[in-house]
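Asker: Got a file for you: upload-v8.cif, mmCIF, C-alpha atoms.
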data_structure
loop_
_atom_site.label_atom_id
_atom_site.label_comp_id
_atom_site.auth_asym_id
_atom_site.auth_seq_id
_atom_site.Cartn_x
_atom_site.Cartn_y
_atom_site.Cartn_z
CA MET A 191 77.00 57.35 47.01
CA THR A 192 77.37 54.50 49.51
CA ASP A 193 79.69 54.76 52.51
CA GLN A 194 82.06 52.26 50.92
CA SER A 195 82.23 54.07 47.55
CA ARG A 196 82.58 57.42 49.37
CA SER A 197 85.47 56.06 51.42
CA GLN A 198 87.12 54.70 48.28
CA HIS A 199 86.68 58.04 46.50
CA VAL A 200 88.30 59.90 49.40
CA LEU A 201 91.20 57.42 49.48
CA GLU A 202 91.85 57.70 45.73
CA LEU A 203 91.64 61.50 45.79
CA ALA A 204 94.05 61.69 48.74
CA ARG A 205 96.49 59.29 47.04
CA GLU A 206 96.38 61.33 43.82
CA LEU A 207 96.96 64.56 45.75
CA LEU A 208 99.95 63.11 47.59
CA ASP A 209 101.48 62.06 44.28
CA ASP A 210 100.82 65.52 42.85
CA ILE A 211 102.55 67.20 45.79
CA GLU A 212 105.48 64.81 46.17
CA LEU A 213 106.22 64.54 42.45
CA GLY A 214 105.65 68.25 41.78
CA ARG A 215 103.34 67.47 38.89
CA ALA A 216 100.74 70.21 39.51
CA GLU A 217 100.74 73.95 40.11
CA GLY A 218 99.71 75.31 43.50
CA GLU A 219 96.30 76.57 42.40
CA ARG A 220 95.36 73.15 41.04
CA LEU A 221 96.53 71.50 44.25
CA ILE A 222 94.47 73.88 46.37
CA LEU A 223 91.35 73.30 44.27
CA LYS A 224 91.74 69.54 44.52
CA ALA A 225 92.46 69.73 48.24
CA SER A 226 89.33 71.84 48.70
CA ARG A 227 87.30 69.05 47.13
CA LEU A 228 88.87 66.61 49.58
CA ALA A 229 88.23 68.96 52.49
CA ARG A 230 84.54 69.16 51.64
CA TRP A 231 84.40 65.42 52.24
CA VAL A 232 86.53 65.06 55.36
CA GLY A 233 88.24 68.33 56.30
CA SER A 234 87.73 70.40 59.43
CA ASP A 235 86.11 73.84 59.32
CA GLU A 236 89.50 75.45 59.89
CA VAL A 237 91.17 73.58 57.02
CA ARG A 238 88.34 74.48 54.66
CA ALA A 239 88.62 78.13 55.72
CA TRP A 240 92.39 78.08 55.17
CA LEU A 241 92.07 76.60 51.69
CA LYS A 242 89.61 79.36 50.77
CA LEU A 243 92.25 81.89 51.83
CA GLU A 244 94.80 80.17 49.59
CA MET A 245 92.38 80.53 46.70
CA GLY A 246 91.09 84.05 47.32
CA GLY A 247 93.72 85.78 49.43
CA TYR A 248 94.24 86.59 53.10
CA TYR A 249 92.76 89.47 55.10
CA ASN A 250 93.62 91.00 58.47
CA ASN A 251 90.35 90.77 60.41
CA ASP A 252 89.94 87.01 60.62
CA PRO A 253 91.55 84.71 63.25
CA VAL A 254 92.12 81.84 60.78
CA SER A 255 93.67 84.24 58.27
CA LEU A 256 96.04 85.73 60.85
CA LYS A 257 96.96 82.27 62.16
CA TYR A 258 97.89 80.94 58.72
CA MET A 259 99.71 84.14 57.79
CA GLY A 260 102.12 83.05 60.50
CA LEU A 261 102.10 79.34 59.68
CA THR A 262 102.89 80.02 56.03
CA GLY A 263 105.58 82.64 56.76
CA ARG A 264 103.77 85.50 55.01
CA TRP A 265 104.50 88.29 57.50
CA ILE A 266 106.92 91.07 56.59
CA ASP A 267 106.14 93.05 59.76
CA ARG A 268 103.42 91.56 61.91
CA GLU A 269 103.13 94.64 64.12
CA LYS A 270 102.55 96.88 61.11
CA LYS A 271 100.33 94.22 59.51
CA THR A 272 102.44 94.08 56.35
CA GLY A 273 102.92 90.81 54.55
CA TYR A 274 102.23 88.74 51.47
CA TRP A 275 98.45 88.60 51.59
CA GLY A 276 97.85 87.18 48.14
CA PRO A 277 96.77 83.58 47.46
CA LEU A 278 99.22 80.84 46.54
CA ALA A 279 98.73 81.35 42.79
CA GLN A 280 99.75 85.00 43.18
CA GLN A 281 102.88 84.02 45.09
CA GLU A 282 103.81 81.56 42.36
CA ALA A 283 103.29 84.27 39.74
CA LEU A 284 105.57 86.59 41.73
CA ILE A 285 108.28 83.92 41.80
CA ALA A 286 108.00 83.47 38.03
CA ALA A 287 108.16 87.24 37.45
CA GLN A 288 111.24 87.66 39.63
CA ARG A 289 113.00 84.76 37.92
CA ALA A 290 112.25 86.29 34.53
CA LYS A 291 113.56 89.63 35.74
CA LEU A 292 116.67 88.02 37.17
CA ALA A 293 117.34 86.33 33.84
CA THR A 294 117.42 89.71 32.09
CA LEU A 295 119.79 91.39 34.50
CA ARG A 296 123.34 91.62 33.20
CA THR A 297 126.46 93.39 34.39
CA PRO A 298 126.73 96.45 32.12
CA ASP A 299 129.61 96.47 29.68
CA ILE A 300 130.64 100.05 30.29
CA SER A 301 133.63 101.94 31.56
CA GLY A 302 134.29 105.34 32.94
CA ASP A 303 133.21 107.21 36.03
CA TYR A 304 129.76 105.58 36.25
CA ALA A 305 130.84 101.99 35.65
CA ASN A 306 131.18 101.01 39.30
CA LEU A 307 127.90 102.65 40.23
CA ALA A 308 126.05 100.90 37.39
CA ILE A 309 127.54 97.54 38.32
CA MET A 310 126.60 98.05 41.99
CA ASN A 311 123.01 98.92 41.05
CA VAL A 312 122.68 95.78 38.93
CA MET A 313 124.19 93.61 41.65
CA LYS A 314 121.85 95.17 44.22
CA GLU A 315 118.85 94.43 41.99
CA MET A 316 119.98 90.85 41.41
CA THR A 317 120.40 90.37 45.16
CA ALA A 318 116.94 91.78 45.83
CA CYS A 319 115.37 89.49 43.21
CA THR A 320 117.13 86.46 44.63
CA ALA A 321 116.08 87.32 48.18
CA LEU A 322 112.46 87.83 47.14
CA ILE A 323 112.43 84.54 45.25
CA GLN A 324 113.77 82.79 48.35
CA THR A 325 111.17 84.44 50.59
CA ILE A 326 108.22 83.62 48.36
CA SER A 327 109.55 80.11 47.70
CA GLY A 328 109.62 79.66 51.47
CA ILE A 329 105.94 80.64 51.66
CA LYS A 330 105.11 78.17 48.90
CA SER A 331 107.06 75.41 50.65
CA ARG A 332 105.22 76.01 53.90
CA VAL A 333 101.84 75.96 52.15
CA LEU A 334 102.72 72.69 50.42
CA GLY A 335 103.98 71.29 53.72
CA LEU A 336 100.69 72.08 55.47
CA LEU A 337 98.80 70.69 52.50
CA HIS A 338 100.86 67.51 52.56
CA ASN A 339 100.23 67.01 56.28
CA PHE A 340 96.47 67.45 55.81
CA VAL A 341 96.27 65.05 52.87
CA SER A 342 98.61 62.41 54.30
CA GLU A 343 96.67 62.23 57.59
CA ILE A 344 93.49 61.54 55.64
CA TYR A 345 95.19 59.07 53.31
CA TYR A 346 96.81 56.97 56.02
CA ALA A 347 93.68 57.04 58.17
CA LYS A 348 91.65 55.71 55.23
CA GLU A 349 94.32 53.14 54.41
CA PHE A 350 94.24 51.96 58.02
CA ASP A 351 90.44 51.76 57.93
CA ASN A 352 90.55 49.69 54.75
CA LEU A 353 93.28 47.47 56.18
CA THR A 354 91.26 46.94 59.36
CA GLU A 355 88.17 46.07 57.34
CA THR A 356 90.18 43.66 55.19
CA ILE A 357 91.72 41.95 58.22
CA PHE A 358 88.37 41.59 59.95
CA GLU A 359 86.59 40.38 56.80
CA ARG A 360 89.28 37.74 56.25
CA TYR A 361 89.10 36.70 59.89
CA GLN A 362 85.31 36.64 59.74
CA ARG A 363 85.31 34.31 56.73
CA ASP A 364 87.81 32.06 58.50
CA VAL A 365 85.76 31.97 61.71
CA ASP A 366 82.50 31.39 59.80
CA THR A 367 84.09 28.43 58.04
CA LEU A 368 85.23 26.94 61.35
CA LEU A 369 81.82 27.54 62.92
CA VAL A 370 80.12 25.74 60.04
CA GLN A 371 82.50 22.81 60.42
CA HIS A 372 82.18 22.49 64.19
CA CYS A 373 78.85 24.00 65.14
CA GLY A 374 76.77 25.24 62.26
CA ASP A 375 73.74 25.87 64.45
CA VAL A 376 75.72 28.61 66.24
CA LEU A 377 76.24 30.49 62.99
CA GLU A 378 72.52 30.33 62.26
CA LYS A 379 71.79 32.30 65.45
CA ILE A 380 74.03 35.27 64.54
CA PRO A 381 71.62 37.05 62.12
CA SER A 382 68.91 37.12 64.79
CA VAL A 383 71.33 38.78 67.21
CA MET A 384 72.22 41.44 64.65
CA ASP A 385 68.56 42.12 63.91
CA ARG A 386 67.76 42.58 67.59
CA LEU A 387 70.74 44.78 68.24
CA SER A 388 69.78 47.09 65.37
CA ALA A 389 66.46 47.77 67.13
CA GLY A 390 68.33 49.13 70.17
CA ASP A 391 65.46 49.05 72.72
CA ASN A 392 65.79 47.35 76.12
CA GLU A 393 63.72 44.31 75.24
CA ALA A 394 65.63 43.76 72.00
CA VAL A 395 68.97 44.12 73.82
CA SER A 396 67.87 41.62 76.45
CA GLN A 397 66.79 39.15 73.79
CA ALA A 398 70.05 39.64 71.88
CA LEU A 399 72.15 38.97 74.97
CA SER A 400 70.09 35.89 75.79
CA THR A 401 70.86 34.67 72.28
CA CYS A 402 74.56 35.39 72.86
CA ARG A 403 74.40 33.24 75.97
CA ARG A 404 72.71 30.42 74.06
CA ILE A 405 75.41 30.72 71.40
CA ILE A 406 78.13 30.19 74.02
CA GLU A 407 76.21 27.28 75.53
CA SER A 408 75.59 25.69 72.14
CA PHE A 409 79.26 26.21 71.30
CA ALA A 410 80.28 24.40 74.50
CA ASP A 411 77.96 21.50 73.65
CA SER A 412 79.50 21.30 70.17
CA ILE A 413 83.19 21.27 71.07
CA LEU A 414 82.88 19.16 74.24
CA PRO A 415 79.48 17.49 74.74
CA PRO A 416 78.22 17.11 78.35
CA SER A 417 79.05 13.96 80.25
CA ASP A 418 79.11 12.55 83.77
CA GLU A 419 82.89 12.64 83.78
CA THR A 420 85.17 15.13 85.50
CA ALA A 421 88.47 16.72 84.44
CA GLU A 422 91.50 17.98 86.37
CA VAL A 423 92.63 21.51 85.45
CA ASN A 424 95.34 23.24 87.51
CA GLY A 425 94.59 21.00 90.47
CA ASN A 426 90.83 21.63 90.31
CA THR A 427 88.25 18.97 89.58
CA LEU A 428 85.74 20.26 87.07
CA LYS A 429 82.36 18.70 86.42
CA LEU A 430 81.38 18.32 82.77
CA ASP A 431 77.62 17.87 83.02
CA ALA A 432 75.06 19.72 80.91
CA SER A 433 74.94 22.79 83.16
CA LYS A 434 78.73 23.36 83.25
CA HIS A 435 79.27 25.14 79.95
CA GLN A 436 82.22 27.24 81.10
CA ASN A 437 83.94 24.21 82.58
CA ARG A 438 83.69 22.32 79.32
CA ILE A 439 85.04 25.24 77.29
CA ASN A 440 87.96 25.67 79.71
CA VAL A 441 88.73 21.95 79.58
CA TYR A 442 88.68 22.08 75.78
CA VAL A 443 91.09 25.05 75.86
CA ASN A 444 93.29 23.21 78.33
CA MET A 445 93.57 20.32 75.88
CA ARG A 446 94.41 22.57 72.95
CA THR A 447 97.17 24.81 74.30
CA ASP A 448 100.06 24.55 76.75
CA SER A 449 100.31 28.29 77.34
CA GLN A 450 99.27 29.05 80.91
CA SER A 451 98.96 32.77 80.21
CA ARG A 452 96.66 32.13 77.27
CA LYS A 453 94.54 29.69 79.27
CA GLN A 454 94.18 32.26 82.03
CA LYS A 455 93.29 35.03 79.56
CA ILE A 456 90.64 32.89 77.85
CA ARG A 457 89.23 31.70 81.18
CA GLN A 458 88.92 35.28 82.45
CA ASN A 459 87.43 36.53 79.19
CA LEU A 460 84.89 33.70 79.21
CA SER A 461 83.90 34.39 82.81
CA ASN A 462 83.45 38.13 82.19
CA LEU A 463 81.65 37.58 78.92
CA PHE A 464 79.28 34.98 80.36
CA ASP A 465 78.46 37.21 83.33
CA ARG A 466 77.62 40.18 81.13
CA VAL A 467 75.48 38.34 78.58
CA SER A 468 73.66 36.69 81.49
CA SER A 469 72.92 40.11 83.01
CA GLY A 470 71.00 41.08 79.90
CA VAL A 471 67.76 39.82 81.43
CA HIS A 472 68.13 42.54 84.10
CA LYS A 473 68.16 45.26 81.41
CA ASP A 474 71.28 46.96 82.77
CA VAL A 475 73.24 46.65 79.52
CA SER A 476 73.16 49.49 76.97
CA ALA A 477 72.77 48.90 73.24
CA GLU A 478 76.39 50.00 72.72
CA GLU A 479 77.70 47.52 75.29
CA ALA A 480 75.48 44.81 73.83
CA ARG A 481 77.07 45.30 70.40
CA SER A 482 80.51 45.16 72.00
CA LEU A 483 79.59 41.96 73.86
CA PHE A 484 78.30 40.35 70.68
CA LEU A 485 81.53 41.18 68.85
CA ASN A 486 83.52 39.86 71.82
CA THR A 487 81.49 36.64 71.71
CA TYR A 488 82.23 36.19 68.01
CA LEU A 489 85.96 36.88 68.41
CA PHE A 490 86.08 34.64 71.48
CA LEU A 491 84.63 31.68 69.55
CA GLY A 492 87.07 32.32 66.73
CA GLU A 493 90.08 32.38 69.07
CA ILE A 494 89.13 29.04 70.60
CA LEU A 495 88.49 27.39 67.24
CA HIS A 496 91.93 28.54 66.07
CA LEU A 497 93.68 26.81 68.95
CA GLY A 498 95.89 24.01 67.72
CA LYS A 499 96.66 20.84 69.62
CA THR A 500 100.27 21.93 70.02
CA THR A 501 99.66 25.70 70.21
CA GLY A 502 102.05 27.45 72.59
#
Could you write out this file's structure as structure tokens?
Answerer:
Amino acid sequence: MTDQSRSQHVLELARELLDDIELGRAEGERLILKASRLARWVGSDEVRAWLKLEMGGYYNNDPVSLKYMGLTGRWIDREKKTGYWGPLAQQEALIAAQRAKLATLRTPDISGDYANLAIMNVMKEMTACTALIQTISGIKSRVLGLLHNFVSEIYYAKEFDNLTETIFERYQRDVDTLLVQHCGDVLEKIPSVMDRLSAGDNEAVSQALSTCRRIIESFADSILPPSDETAEVNGNTLKLDASKHQNRINVYVNMRTDSQSRKQKIRQNLSNLFDRVSSGVHKDVSAEEARSLFLNTYLFLGEILHLGKTTG
């Protein structure tokens, strides 16, 4: 199973489990079994251990068992170690049995000396059944609450991952289209960067960063070709010759947006980015940072290409 299909399977299973819990369309034992399958994919060791307890019963010599006895409200007397140790299915069976018993209890239709005593005994039994049903129902509610928290955390994390992937994929297609339109030769260099970064060794990282630098330089040549002219930006005279790649990018940005804060942010990002990709030849950049710098380069080009002539 690929990572993508595995992620989709986990998401679908979590969504189905949430519906089962929230709509009350499955018994506790079925929910626990399905949750155990989910936990084998993404659950922590503690959650998997807890779900085993809900399937097979609790015991008093295990830290996880004792912890979840408290979390699920199973203790009768913690000091004496008395409580409802059975699994969730057993608790549900106890609820059903007490409800059936309660349904059969009736106030006796008798009179005489023993009438009051008989009525009191029946009322006492009805009260005890009702109290036990409430107690066990509370245990079940707590178990389902813990189960819901576990499943919902997984579900929303996976949903966020999918949303992030979708947003980036859409943005990537948009940026790729703009790169093809404005500077197709830049896009052609990207696969070589990815290949080098996957190798991870110092020489490959250095070569990848050198390619990143050439991408930025080629990008500058594409959006604002070199010339012997100069440009005024914030009171500074900037040369636009072939060696002044950052100047030409900043001038282009200056022409495309009126937002001073955005100009400053882009200028600072460009300066930092250019410095780091240029330091690759000194082999002081890790493979992890190199991947981050490549992604930053790609996003940086996309941001500039999305600038409109009247962007604020």
Asker: For this structure, which residues satisfy the selection - the PyMOL selection byres ((chain A and resi 475) around 12) - when it is evaluated on the file as given? I want them as a VMD selection string.
Answerer: chain A and resid 387 390 to 400 465 to 474 476 to 484
Asker: Which residues, named as in the file, does the PyMOL selection byres ((chain A and resi 417) around 8) pick out? Answer as a list of chain:residue names.
Answerer: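 Here the PyMOL selection byres ((chain A and resi 417) around 8) matches A:Pro415, A:Pro416, A:Asp418, A:Glu419, A:Leu430, A:Asp431, A:Ala432.
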Asker: Extract, using all atoms listed in the file, all DNA, RNA and protein residues at most 12 Å from region 198-209 of chain A, discarding same-chain residues fewer than 2 positions from it, and format them as a ChimeraX atom specification.
Answerer: /A:191-196,211-218,220-233,334-352
Asker: Could you tell me, as JSON, numbers by chain, exactly which residues end up selected when the PyMOL selection byres ((chain A and resi 428) around 12) is applied to this structure?
Answerer: {"A": [416, 417, 418, 419, 420, 421, 422, 423, 424, 425, 426, 427, 429, 430, 431, 433, 434, 435, 436, 437, 438, 439, 440, 441, 442, 444]}
Asker: One decimal, Å: what's the distance from CA of Tyr361 (chain A) over to CA of Leu485 (chain A), could you say?
Answerer: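 One can read the CA of Tyr361 (chain A) to CA of Leu485 (chain A) distance as 12.6 Å.
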Asker: One decimal, in Å: what's the spacing between CA of Arg289 (chain A) and CA of Ile323 (chain A)?
Answerer: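 Atom-to-atom, CA of Arg289 (chain A) to CA of Ile323 (chain A), that is 7.4 Å.
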Asker: For CA of Ala293 (chain A) and CA of Thr262 (chain A), quote the distance in Å rounded to one decimal.
Answerer: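 Going from CA of Ala293 (chain A) over to CA of Thr262 (chain A), I get 27.2 Å.
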Asker: So which residues touch Glu244 (chain A) within 8 Å, counting all atoms listed in the file, skipping near sequence neighbours fewer than 5 positions away, as a VMD selection string?
Answerer: chain A and resid 222 276 to 279
Asker: Put a box with edges along x, y and z around all the listed atoms of region 226-243 of chain A, pad it by 6 Å on each side, then give me its centre and sizes in Å, one decimal, as AutoDock Vina command-line options.
Answerer:
--center_x 88.4 --center_y 73.5 --center_z 53.5 --size_x 20.0 --size_y 28.8 --size_z 24.8
Asker: Which residue, A:Ile329, A:Val237, A:Met245, A:Cys319, has the smallest gap to Gly260 (chain A) when you use all atoms listed in the file?
Answerer: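 When distances to Gly260 (chain A) are compared using all atoms listed in the file, the smallest one comes from A:Ile329.
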Asker: Quick one: of A:Thr297, A:Ser461, A:Asn250, A:Ser197, who's nearest to Arg403 (chain A), counting only C-alpha atoms?
Answerer: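 Closest candidate: A:Ser461.
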Asker: Name the closest residue to Pro381 (chain A) among the candidates A:Met445, A:Leu495, A:Ile405, A:Ala308; distances are taken between atoms, counting only C-alpha atoms.
Answerer: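 With only C-alpha atoms as the atom set, the closest residue is A:Ile405.
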